[in-house]
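Okay, so here's the structure we're looking at.
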Amino acid sequence: MTENPLRSRKAEWLVTLPSFLWLALFFAIPALIVLAFTFHAHTTNGGVGEWSLSTWRELVDPDYPAIVWNTFRISFEVTFWCIVLALPCAYAIARMNKKWRAIVAGSIMLPFWTSFVVRVFAWKTMLHPDGWLQSCYITWLELREWLFDWLPAVAQRVLVWAGLASAGPVDPATSTILDSDTAVVLVSVYSFLPFAIMPIYTAAEKFDFALLEAARDLGAKSFYAFRKIFVPGIRQGIVSAILMVFIPAIGSYVIPQMLGGTDCVLIGNKIFMRAIQNRNIPHASALATLMAVSVLVPLAVAMWWKSRQDARDRKRVETRAARMTEGGAR
Amino acid sequence: MKRSFFSVAVLAFVLAFLYVPIILVVVYGFIPNGISMSFTDARGRFIGFSMKWYAQIFSGHYSVKALMQSFWLSLTIAGLATLISCVIGTTAALALHRWKDRLQSIHHALVYTPLVMPDILIGISLLMLFVAANIECGFWTILVAHVTFCVSYVVMTILARLQDFDDRLVEAAYDLGAGPWYTFFKVELPILMPGIIAGGLLAFTLSIDDVVITSFVNGAGTNTFPTYVSSMTKHSKNLPSVFALSTLMLLFTCALAGLSKFMARAQVPQSKGR
């Protein structure tokens with residue numbers, strides 16, 4: 001036998017090349033092109049001009065910080081609601097018996113068998129200003145206003161400044177749920193919720209529920225045990241759920257375009273506008289670079305956190321093992 | 001044993017939240033008035049259900065021509081993209097599983113990064129490539145884009161399957177004198193088939209549903225089903241036929257899933273009998 005075919009270098013290249021070339025050509029190189037385009041000026045006919053820093057200088061435009069802040073605020077809101085709803089759901093599914101678990105977990109993924117755009121259109125029809133969801137929305141706004149009036153003046157000013165509340169009273173005629181931030185958050189939660197439930201459920205399935213009973217036997221209230229035992233026990237699932245929701249939320253552009261009206265412009269919409277409608281290629285590239293950074297930073301933080309947690313767990317096991325051998329020697 | 005009613009209540013609420021729009025998609029497919037999108041006439045009286053949107057789809061009425069064209073284009077692209085990404089994905093998964101050197105760690109990064117990138121970034125970077133290379137956007141650019149984002153998902157699905165793969169089977173085949181091609185087709189491929197099929201199904205669903213990436217690389221005049229639907233306005237007269245077509249697709253996928261479940265169940269006693 002000349003050479004072990006399992007370890008041959010030629011075979012490795014042969015098997016690696018198709019996907020390697022494809023992804024290098026259509027994923028890595030395009031990313032570099034985007035980066036290179038940001039250092040070019042745009043030409044009036046929609047092309048790419050000379051090397052220059054003008055595109056980056058234009059990004060200081062007062063519109064952009066507001067758009068970036070809007071994108072982050074909406075993504076945080078969507079992530080928050082997804083996790084808050086996904087935790088009890090995952091808990092409930094994980095406590096079911098095996099047969100029901102498969103049925104319910106399957107039925108959470110079933111809505112994906114209808115086209116995403118069609119579902120957004122169904123929402124658009126449901127959120128029509130004459131519909132019942134609109135009256136629910138007005139009640140919600142009035143409730144919020146009532147709570148807002150109770151807050152101290154400083155807190156009110158901070159909330160208004162952050163765009164989380166409006167100063168004036170609610171006007172039912174102008175505040176429609178369609179074409180508002182609320183519609184974007186609502187439908188984004190609807191679209192991303194299954195992606196939040198699945199990783200948390202996978203983690204919860206492996207969780208030892210006897211621990212919760214032990215906590216209750218020792219006198220912990222249900223919610224206290226849920227918060228102190230269950231949530232830390234499935235934190236890995238929660239972190240992946242946050243990433244699964246936050247990343248597409250940052251990149252979201254179809255939902256704000258179809259439901260957000262003219263006020264709700266996010267980075268994604270701006271990229272599409274610059275790239276397709278006014279054909280300013282360098283500008284679109286700069287915004288895309290900005291978005292890539294805003295996705296990669298939380299990702300890096302999550303990875304760093306995971307490696308730190310793993311190291312801490314390993315250390316804890318080691319010290320415990322050392323203590324046990326010590327005890328055995330004595 | 002104490003059960004938490006609160007969590008079950010939240011689950012029930014979430015399931016309702018997830019299903020109400022789907023039910024409405026089915027209901028809206030029978031709407032009689034496509035402009036006002038209501039079941040009532042001007043005086044608020046109920047005027048009943050209508051089958052005319054289904055009739056239009058099945059008779060190939062001129063008003064749904066563009067819609068049906070985009071639908072068939074979506075099916076073609078999804079089919080081709082699934083086929084190509086399954087082939088590339090299988091080789092990639094085999095390479096990543098068998099070798100652990102510098103080349104494979106770069107390869108792994110290349111496969112993994114598209115999964116954590118928002119779709120819009122993949123869309124815009126491909127558009128930039130086509131702009132830089134002066135390629136006109138159309139059918140082929142959509143296909144390339146779809147393969148690019150599907151491959152990573154296929155690789156991950158097959159890699160999960162490879163974790164339980166007994167590598168000694170391949171070594172045994174080599175020891176018995178089988179060549180690499182023969183081993184691949186007679187040993188590895190049959191074992192990996194469920195993983196490839198699962199990855200392929202995932203790729204097909206992702207491809208047929210994609211609107212973000214496609215809207216960057218489709219060029220003028222080429223529309224897949226999702227980009228065609230998203231370009232429609234709320235008051236388009238064709239909206240009910242979109243809902244009717246979606247209901248048909250939903251029925252078809254449900255039937256397919258039911259059939260595969262039924263066939264999986266029918267196969268169990270057979271394999272036990274052997």
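Letters for chains follow the order of the structure tokens (A, B, ...), residue numbers begin at 1 for each chain, and ligand numbers begin at 1 in the order shown.
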Arg95 of chain A surroundings by only C-alpha atoms, 12 Å radius, close-in-sequence under 2 positions cut, as an mmCIF file with N, CA and C atoms, in the first residue's frame:
```cif
data_model
loop_
_atom_site.group_PDB
_atom_site.id
_atom_site.type_symbol
_atom_site.label_atom_id
_atom_site.label_comp_id
_atom_site.auth_asym_id
_atom_site.auth_seq_id
_atom_site.Cartn_x
_atom_site.Cartn_y
_atom_site.Cartn_z
ATOM 1 N N PRO A 88 -40.960 30.820 29.549
ATOM 2 C CA PRO A 88 -42.041 29.975 30.061
ATOM 3 C C PRO A 88 -42.483 28.905 29.063
ATOM 4 N N CYS A 89 -42.442 29.240 27.756
ATOM 5 C CA CYS A 89 -42.842 28.251 26.747
ATOM 6 C C CYS A 89 -41.919 27.047 26.781
ATOM 7 N N ALA A 90 -40.606 27.319 26.770
ATOM 8 C CA ALA A 90 -39.631 26.226 26.772
ATOM 9 C C ALA A 90 -39.789 25.387 28.037
ATOM 10 N N TYR A 91 -40.028 26.082 29.157
ATOM 11 C CA TYR A 91 -40.231 25.387 30.436
ATOM 12 C C TYR A 91 -41.447 24.469 30.342
ATOM 13 N N ALA A 92 -42.562 25.015 29.811
ATOM 14 C CA ALA A 92 -43.791 24.231 29.724
ATOM 15 C C ALA A 92 -43.605 23.022 28.812
ATOM 16 N N ILE A 93 -42.919 23.209 27.675
ATOM 17 C CA ILE A 93 -42.746 22.081 26.740
ATOM 18 C C ILE A 93 -41.844 21.023 27.375
ATOM 19 N N ASN A 97 -44.814 15.219 28.730
ATOM 20 C CA ASN A 97 -44.266 13.894 28.461
ATOM 21 C C ASN A 97 -43.797 13.819 27.009
ATOM 22 N N LYS A 98 -43.090 12.750 26.689
ATOM 23 C CA LYS A 98 -42.335 12.693 25.443
ATOM 24 C C LYS A 98 -43.196 12.907 24.208
ATOM 25 N N LYS A 99 -44.401 12.288 24.211
ATOM 26 C CA LYS A 99 -45.258 12.355 23.039
ATOM 27 C C LYS A 99 -45.713 13.798 22.792
ATOM 28 N N TRP A 100 -46.167 14.469 23.845
ATOM 29 C CA TRP A 100 -46.658 15.837 23.718
ATOM 30 C C TRP A 100 -45.545 16.802 23.342
ATOM 31 N N ARG A 101 -44.345 16.542 23.901
ATOM 32 C CA ARG A 101 -43.194 17.375 23.598
ATOM 33 C C ARG A 101 -42.947 17.444 22.099
ATOM 34 N N ALA A 102 -42.942 16.261 21.439
ATOM 35 C CA ALA A 102 -42.688 16.221 19.998
ATOM 36 C C ALA A 102 -43.776 16.974 19.242
ATOM 37 N N VAL A 104 -45.861 19.446 20.357
ATOM 38 C CA VAL A 104 -45.872 20.901 20.568
ATOM 39 C C VAL A 104 -44.627 21.543 19.942
ATOM 40 N N TYR A 201 -35.514 25.584 24.577
ATOM 41 C CA TYR A 201 -36.166 24.289 24.824
ATOM 42 C C TYR A 201 -35.135 23.157 24.795
ATOM 43 N N ALA A 204 -33.452 23.246 27.998
ATOM 44 C CA ALA A 204 -34.347 22.895 29.102
ATOM 45 C C ALA A 204 -34.619 21.397 29.140
ATOM 46 N N GLU A 205 -34.576 20.767 27.957
ATOM 47 C CA GLU A 205 -34.836 19.339 27.882
ATOM 48 C C GLU A 205 -33.790 18.551 28.680
ATOM 49 N N LYS A 206 -32.553 19.073 28.697
ATOM 50 C CA LYS A 206 -31.470 18.379 29.408
ATOM 51 C C LYS A 206 -31.421 18.768 30.885
ATOM 52 N N PHE A 207 -32.242 19.762 31.276
ATOM 53 C CA PHE A 207 -32.196 20.263 32.646
ATOM 54 C C PHE A 207 -32.813 19.238 33.591
ATOM 55 N N ASP A 208 -32.204 19.092 34.773
ATOM 56 C CA ASP A 208 -32.689 18.136 35.759
ATOM 57 C C ASP A 208 -33.739 18.822 36.643
ATOM 58 N N PHE A 209 -35.027 18.497 36.382
ATOM 59 C CA PHE A 209 -36.095 19.210 37.082
ATOM 60 C C PHE A 209 -36.202 18.836 38.551
ATOM 61 N N ALA A 210 -35.493 17.759 38.960
ATOM 62 C CA ALA A 210 -35.489 17.402 40.383
ATOM 63 C C ALA A 210 -34.863 18.529 41.200
ATOM 64 N N LEU A 212 -35.382 21.673 40.821
ATOM 65 C CA LEU A 212 -36.421 22.642 41.149
ATOM 66 C C LEU A 212 -37.255 22.150 42.321
ATOM 67 N N MET B 1 -47.124 16.220 42.215
ATOM 68 C CA MET B 1 -46.185 17.092 41.524
ATOM 69 C C MET B 1 -46.883 18.377 41.077
ATOM 70 N N LYS B 2 -46.287 19.481 41.423
ATOM 71 C CA LYS B 2 -46.918 20.762 41.121
ATOM 72 C C LYS B 2 -46.665 21.148 39.666
ATOM 73 N N ARG B 3 -47.729 21.550 38.998
ATOM 74 C CA ARG B 3 -47.569 21.978 37.609
ATOM 75 C C ARG B 3 -47.675 23.486 37.550
ATOM 76 N N SER B 4 -46.913 24.079 36.649
ATOM 77 C CA SER B 4 -46.980 25.527 36.547
ATOM 78 C C SER B 4 -48.033 25.923 35.520
ATOM 79 N N PHE B 5 -49.137 26.491 36.011
ATOM 80 C CA PHE B 5 -50.198 26.902 35.089
ATOM 81 C C PHE B 5 -49.805 28.138 34.319
ATOM 82 N N SER B 7 -46.859 28.973 33.049
ATOM 83 C CA SER B 7 -46.063 28.689 31.848
ATOM 84 C C SER B 7 -46.926 28.043 30.769
ATOM 85 N N VAL B 8 -47.871 27.180 31.178
ATOM 86 C CA VAL B 8 -48.757 26.560 30.188
ATOM 87 C C VAL B 8 -49.647 27.623 29.542
ATOM 88 N N LEU B 11 -47.637 29.440 27.028
ATOM 89 C CA LEU B 11 -47.459 28.598 25.844
ATOM 90 C C LEU B 11 -48.707 28.625 24.971
#
```
Would you return as a CSV table (one decimal) with N, CA and C atoms, in the first residue's frame the members of segment 69-173 of chain A that DSSP assigns to helix (DSSP H, G or I) on this structure's backbone?
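New file result31.csv:
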```
chain,number,residue,atom,x,y,z
A,69,TRP,N,-29.4,54.2,16.3
A,69,TRP,CA,-30.0,54.1,17.6
A,69,TRP,C,-31.4,53.4,17.5
A,70,ASN,N,-32.2,53.8,16.5
A,70,ASN,CA,-33.5,53.2,16.3
A,70,ASN,C,-33.4,51.7,16.0
A,71,THR,N,-32.4,51.3,15.2
A,71,THR,CA,-32.2,49.9,14.9
A,71,THR,C,-31.9,49.1,16.2
A,72,PHE,N,-30.9,49.6,17.0
A,72,PHE,CA,-30.6,49.0,18.2
A,72,PHE,C,-31.7,48.9,19.2
A,73,ARG,N,-32.5,50.0,19.3
A,73,ARG,CA,-33.6,50.0,20.3
A,73,ARG,C,-34.6,49.0,19.9
A,74,ILE,N,-35.0,48.9,18.6
A,74,ILE,CA,-36.0,48.0,18.2
A,74,ILE,C,-35.5,46.5,18.3
A,75,SER,N,-34.2,46.3,18.0
A,75,SER,CA,-33.7,45.0,18.2
A,75,SER,C,-33.7,44.5,19.6
A,76,PHE,N,-33.3,45.5,20.5
A,76,PHE,CA,-33.3,45.1,22.0
A,76,PHE,C,-34.7,44.8,22.4
A,77,GLU,N,-35.7,45.6,22.0
A,77,GLU,CA,-37.1,45.4,22.4
A,77,GLU,C,-37.6,44.0,21.9
A,78,VAL,N,-37.3,43.7,20.6
A,78,VAL,CA,-37.7,42.4,20.0
A,78,VAL,C,-37.0,41.3,20.8
A,79,THR,N,-35.7,41.4,21.1
A,79,THR,CA,-35.0,40.3,21.8
A,79,THR,C,-35.6,40.1,23.2
A,80,PHE,N,-35.9,41.3,23.9
A,80,PHE,CA,-36.4,41.2,25.2
A,80,PHE,C,-37.7,40.4,25.2
A,81,TRP,N,-38.7,40.8,24.3
A,81,TRP,CA,-40.0,40.2,24.3
A,81,TRP,C,-39.9,38.7,23.9
A,82,CYS,N,-39.0,38.4,23.0
A,82,CYS,CA,-38.8,37.0,22.6
A,82,CYS,C,-38.3,36.1,23.7
A,83,ILE,N,-37.4,36.6,24.5
A,83,ILE,CA,-36.8,35.8,25.6
A,83,ILE,C,-37.9,35.7,26.7
A,84,VAL,N,-38.6,36.8,27.0
A,84,VAL,CA,-39.6,36.8,28.1
A,84,VAL,C,-40.7,35.7,27.7
A,85,LEU,N,-41.1,35.7,26.4
A,85,LEU,CA,-42.1,34.7,26.0
A,85,LEU,C,-41.6,33.3,25.9
A,86,ALA,N,-40.3,33.2,25.4
A,86,ALA,CA,-39.7,31.9,25.1
A,86,ALA,C,-39.4,31.1,26.4
A,87,LEU,N,-39.0,31.8,27.5
A,87,LEU,CA,-38.6,31.1,28.7
A,87,LEU,C,-39.8,30.2,29.3
A,88,PRO,N,-41.0,30.8,29.5
A,88,PRO,CA,-42.0,30.0,30.1
A,88,PRO,C,-42.5,28.9,29.1
A,89,CYS,N,-42.4,29.2,27.8
A,89,CYS,CA,-42.8,28.3,26.7
A,89,CYS,C,-41.9,27.0,26.8
A,90,ALA,N,-40.6,27.3,26.8
A,90,ALA,CA,-39.6,26.2,26.8
A,90,ALA,C,-39.8,25.4,28.0
A,91,TYR,N,-40.0,26.1,29.2
A,91,TYR,CA,-40.2,25.4,30.4
A,91,TYR,C,-41.4,24.5,30.3
A,92,ALA,N,-42.6,25.0,29.8
A,92,ALA,CA,-43.8,24.2,29.7
A,92,ALA,C,-43.6,23.0,28.8
A,93,ILE,N,-42.9,23.2,27.7
A,93,ILE,CA,-42.7,22.1,26.7
A,93,ILE,C,-41.8,21.0,27.4
A,94,ALA,N,-40.8,21.5,28.0
A,94,ALA,CA,-39.8,20.5,28.6
A,94,ALA,C,-40.5,19.7,29.7
A,98,LYS,N,-43.1,12.8,26.7
A,98,LYS,CA,-42.3,12.7,25.4
A,98,LYS,C,-43.2,12.9,24.2
A,99,LYS,N,-44.4,12.3,24.2
A,99,LYS,CA,-45.3,12.4,23.0
A,99,LYS,C,-45.7,13.8,22.8
A,100,TRP,N,-46.2,14.5,23.8
A,100,TRP,CA,-46.7,15.8,23.7
A,100,TRP,C,-45.5,16.8,23.3
A,101,ARG,N,-44.3,16.5,23.9
A,101,ARG,CA,-43.2,17.4,23.6
A,101,ARG,C,-42.9,17.4,22.1
A,102,ALA,N,-42.9,16.3,21.4
A,102,ALA,CA,-42.7,16.2,20.0
A,102,ALA,C,-43.8,17.0,19.2
A,103,ILE,N,-45.0,16.8,19.7
A,103,ILE,CA,-46.1,17.4,19.0
A,103,ILE,C,-46.1,19.0,19.1
A,104,VAL,N,-45.9,19.4,20.4
A,104,VAL,CA,-45.9,20.9,20.6
A,104,VAL,C,-44.6,21.5,19.9
A,105,ALA,N,-43.5,20.9,20.1
A,105,ALA,CA,-42.2,21.5,19.5
A,105,ALA,C,-42.4,21.5,18.0
A,106,GLY,N,-43.0,20.5,17.4
A,106,GLY,CA,-43.2,20.5,16.0
A,106,GLY,C,-44.2,21.6,15.6
A,107,SER,N,-45.2,21.8,16.4
A,107,SER,CA,-46.2,22.8,16.0
A,107,SER,C,-45.7,24.2,16.1
A,108,ILE,N,-44.6,24.4,16.9
A,108,ILE,CA,-44.0,25.7,17.0
A,108,ILE,C,-43.3,26.1,15.7
A,109,MET,N,-42.7,25.0,15.0
A,109,MET,CA,-42.0,25.3,13.8
A,109,MET,C,-42.9,25.3,12.6
A,110,LEU,N,-44.1,24.7,12.7
A,110,LEU,CA,-45.0,24.6,11.6
A,110,LEU,C,-45.4,25.9,10.8
A,111,PRO,N,-45.5,27.0,11.5
A,111,PRO,CA,-45.8,28.3,10.8
A,111,PRO,C,-44.8,28.5,9.6
A,112,PHE,N,-43.6,28.0,9.7
A,112,PHE,CA,-42.6,28.2,8.7
A,112,PHE,C,-43.0,27.6,7.4
A,113,TRP,N,-44.0,26.8,7.4
A,113,TRP,CA,-44.4,26.2,6.1
A,113,TRP,C,-45.2,27.1,5.2
A,116,PHE,N,-42.9,33.5,4.5
A,116,PHE,CA,-42.7,34.6,5.4
A,116,PHE,C,-43.4,35.9,4.9
A,117,VAL,N,-43.2,36.2,3.7
A,117,VAL,CA,-43.8,37.5,3.1
A,117,VAL,C,-45.3,37.4,3.2
A,118,VAL,N,-45.9,36.2,2.9
A,118,VAL,CA,-47.3,36.1,3.0
A,118,VAL,C,-47.8,36.3,4.4
A,119,ARG,N,-47.1,35.8,5.4
A,119,ARG,CA,-47.5,36.0,6.8
A,119,ARG,C,-47.4,37.4,7.2
A,120,VAL,N,-46.4,38.1,6.7
A,120,VAL,CA,-46.3,39.6,7.0
A,120,VAL,C,-47.5,40.3,6.4
A,121,PHE,N,-47.9,39.9,5.2
A,121,PHE,CA,-49.1,40.5,4.5
A,121,PHE,C,-50.3,40.2,5.3
A,122,ALA,N,-50.4,39.0,5.9
A,122,ALA,CA,-51.6,38.7,6.7
A,122,ALA,C,-51.6,39.6,7.9
A,123,TRP,N,-50.5,39.9,8.5
A,123,TRP,CA,-50.4,40.9,9.6
A,123,TRP,C,-50.8,42.2,9.2
A,124,LYS,N,-50.4,42.6,8.0
A,124,LYS,CA,-50.7,43.9,7.5
A,124,LYS,C,-52.2,44.1,7.3
A,125,THR,N,-52.9,43.0,6.9
A,125,THR,CA,-54.3,43.1,6.7
A,125,THR,C,-55.0,43.1,8.1
A,126,MET,N,-54.4,42.4,9.1
A,126,MET,CA,-54.9,42.4,10.4
A,126,MET,C,-54.8,43.7,11.2
A,132,TRP,N,-59.7,45.3,15.0
A,132,TRP,CA,-59.8,45.3,16.5
A,132,TRP,C,-58.4,45.5,17.1
A,133,LEU,N,-57.4,45.1,16.4
A,133,LEU,CA,-56.0,45.3,17.0
A,133,LEU,C,-55.7,46.7,17.2
A,134,GLN,N,-56.3,47.6,16.3
A,134,GLN,CA,-56.0,49.0,16.4
A,134,GLN,C,-56.6,49.5,17.8
A,135,SER,N,-57.8,49.1,18.1
A,135,SER,CA,-58.4,49.6,19.4
A,135,SER,C,-57.6,49.1,20.6
A,136,CYS,N,-57.1,47.8,20.5
A,136,CYS,CA,-56.2,47.3,21.6
A,136,CYS,C,-55.0,48.2,21.7
A,137,TYR,N,-54.5,48.7,20.5
A,137,TYR,CA,-53.3,49.5,20.5
A,137,TYR,C,-53.5,50.8,21.2
A,138,ILE,N,-54.7,51.4,21.0
A,138,ILE,CA,-55.0,52.7,21.6
A,138,ILE,C,-55.1,52.6,23.1
A,139,THR,N,-55.7,51.5,23.6
A,139,THR,CA,-55.8,51.2,25.0
A,139,THR,C,-54.4,51.1,25.6
A,140,TRP,N,-53.5,50.4,24.9
A,140,TRP,CA,-52.2,50.2,25.4
A,140,TRP,C,-51.4,51.5,25.4
A,141,LEU,N,-51.6,52.4,24.4
A,141,LEU,CA,-51.0,53.7,24.5
A,141,LEU,C,-51.5,54.5,25.6
A,142,GLU,N,-52.8,54.5,25.9
A,142,GLU,CA,-53.4,55.3,27.0
A,142,GLU,C,-52.8,54.8,28.3
A,143,LEU,N,-52.7,53.4,28.4
A,143,LEU,CA,-52.1,52.9,29.7
A,143,LEU,C,-50.7,53.3,29.9
A,144,ARG,N,-49.9,53.4,28.8
A,144,ARG,CA,-48.6,53.8,28.9
A,144,ARG,C,-48.5,55.3,29.3
A,145,GLU,N,-49.4,56.1,28.7
A,145,GLU,CA,-49.4,57.5,29.0
A,145,GLU,C,-49.7,57.7,30.5
A,146,TRP,N,-50.6,56.9,31.0
A,146,TRP,CA,-51.0,57.0,32.4
A,146,TRP,C,-49.9,56.7,33.3
A,147,LEU,N,-49.1,55.6,33.0
A,147,LEU,CA,-47.9,55.2,33.7
A,147,LEU,C,-46.9,56.3,33.6
A,148,PHE,N,-46.7,56.9,32.5
A,148,PHE,CA,-45.7,57.9,32.2
A,148,PHE,C,-46.0,59.1,33.1
A,149,ASP,N,-47.2,59.5,33.3
A,149,ASP,CA,-47.5,60.7,34.1
A,149,ASP,C,-47.1,60.5,35.5
A,150,TRP,N,-47.0,59.2,36.0
A,150,TRP,CA,-46.7,59.0,37.4
A,150,TRP,C,-45.2,59.1,37.6
A,153,ALA,N,-40.2,63.9,36.7
A,153,ALA,CA,-39.9,64.7,35.5
A,153,ALA,C,-38.6,64.3,34.8
A,154,VAL,N,-37.6,64.0,35.6
A,154,VAL,CA,-36.3,63.6,35.0
A,154,VAL,C,-36.4,62.3,34.2
A,155,ALA,N,-37.0,61.4,34.8
A,155,ALA,CA,-37.2,60.1,34.1
A,155,ALA,C,-38.0,60.3,32.8
A,156,GLN,N,-39.0,61.2,32.9
A,156,GLN,CA,-39.9,61.5,31.7
A,156,GLN,C,-39.0,62.0,30.6
A,157,ARG,N,-38.1,63.0,31.0
A,157,ARG,CA,-37.3,63.6,29.9
A,157,ARG,C,-36.3,62.6,29.3
A,158,VAL,N,-35.8,61.7,30.1
A,158,VAL,CA,-34.8,60.7,29.6
A,158,VAL,C,-35.6,59.8,28.6
A,159,LEU,N,-36.8,59.3,29.0
A,159,LEU,CA,-37.5,58.4,28.1
A,159,LEU,C,-37.9,59.1,26.8
A,160,VAL,N,-38.3,60.4,26.8
A,160,VAL,CA,-38.6,61.1,25.6
A,160,VAL,C,-37.4,61.2,24.7
A,161,TRP,N,-36.2,61.6,25.4
A,161,TRP,CA,-35.0,61.7,24.7
A,161,TRP,C,-34.6,60.4,24.0
```
Separation of atom CA of Ile57 of chain B from atom CA of Gly44 of chain B in Å: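 We find that atom CA of Gly44 of chain B and atom CA of Ile57 of chain B lie 28.4 Å from each other.
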Length of the atom CA of Thr113 of chain B to atom CA of Val295 of chain A vector [Å]: 11.4 Å
Atom pair atom CA of Ala92 of chain B / atom CA of Val15 of chain A: separation (Å):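 Taking atom CA of Ala92 of chain B as the start and atom CA of Val15 of chain A as the end point, the length is 6.6 Å.
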Residues flagged strand (DSSP E or B) by DSSP in segment 22-97 of chain A, as number ranges by chain: A: 40-42, 48-51
Selection near Leu266 of chain A, 8 Å with only C-alpha atoms, sequence-local residues under 6 positions removed, as a ChimeraX atom specification: /A:67-68,70-71,252-253,256
Just the selected residues (N, CA and C atoms), exported as a short mmCIF file (atom, residue, chain, number, x, y, z; two decimals), in the first residue's frame, please.
```
data_model
loop_
_atom_site.label_atom_id
_atom_site.label_comp_id
_atom_site.auth_asym_id
_atom_site.auth_seq_id
_atom_site.Cartn_x
_atom_site.Cartn_y
_atom_site.Cartn_z
N ILE A 67 -30.72 56.70 13.11
CA ILE A 67 -31.13 55.43 12.49
C ILE A 67 -30.47 54.26 13.21
N VAL A 68 -29.18 54.42 13.55
CA VAL A 68 -28.47 53.34 14.24
C VAL A 68 -29.11 53.10 15.60
N ASN A 70 -32.19 53.79 16.52
CA ASN A 70 -33.49 53.19 16.27
C ASN A 70 -33.37 51.68 16.05
N THR A 71 -32.39 51.29 15.21
CA THR A 71 -32.19 49.88 14.91
C THR A 71 -31.87 49.10 16.18
N SER A 252 -32.79 43.25 9.98
CA SER A 252 -34.15 43.22 9.46
C SER A 252 -34.42 44.37 8.51
N TYR A 253 -35.10 44.06 7.39
CA TYR A 253 -35.44 45.16 6.51
C TYR A 253 -36.81 44.99 5.86
N PRO A 256 -39.74 46.26 8.65
CA PRO A 256 -39.90 47.72 8.74
C PRO A 256 -40.36 48.34 7.42
#
```
Which of B:Val217, B:Met263, B:Leu127, B:Leu192 sits closest to Cys86 of chain B [using only C-alpha atoms]: B:Leu192
Exercise: Ser52 of chain A partners within 6 Å, only C-alpha atoms, chain neighbours under 6 positions left out, as number ranges by chain: A: 39-41
Near-segment 68-81 of chain B list (9 Å; only C-alpha atoms; drop same-chain fewer than 4 positions) as a VMD selection string: chain B and resid 57 60 64 85 to 86 139 142 to 148 150 to 151 203 to 209 222 to 228 245
Residue with smallest distance to Ile23 of chain B - pool A:Asp63, A:Thr114, A:Ala300, A:Tyr190, counting only C-alpha atoms: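 Checking each of A:Asp63, A:Thr114, A:Ala300, A:Tyr190 against Ile23 of chain B, counting only C-alpha atoms, the winner is A:Thr114.
Of the residues under consideration (A:Phe246, A:Phe230, A:Trp51, A:Trp22), A:Trp22 shows the shortest atom-to-atom contact distance to Gly89 of chain B when counting only C-alpha atoms.
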Minimum-distance residue to His107 of chain B, chosen among B:Met193, B:Val131, B:Leu15, B:Val155 (using only C-alpha atoms): B:Val155
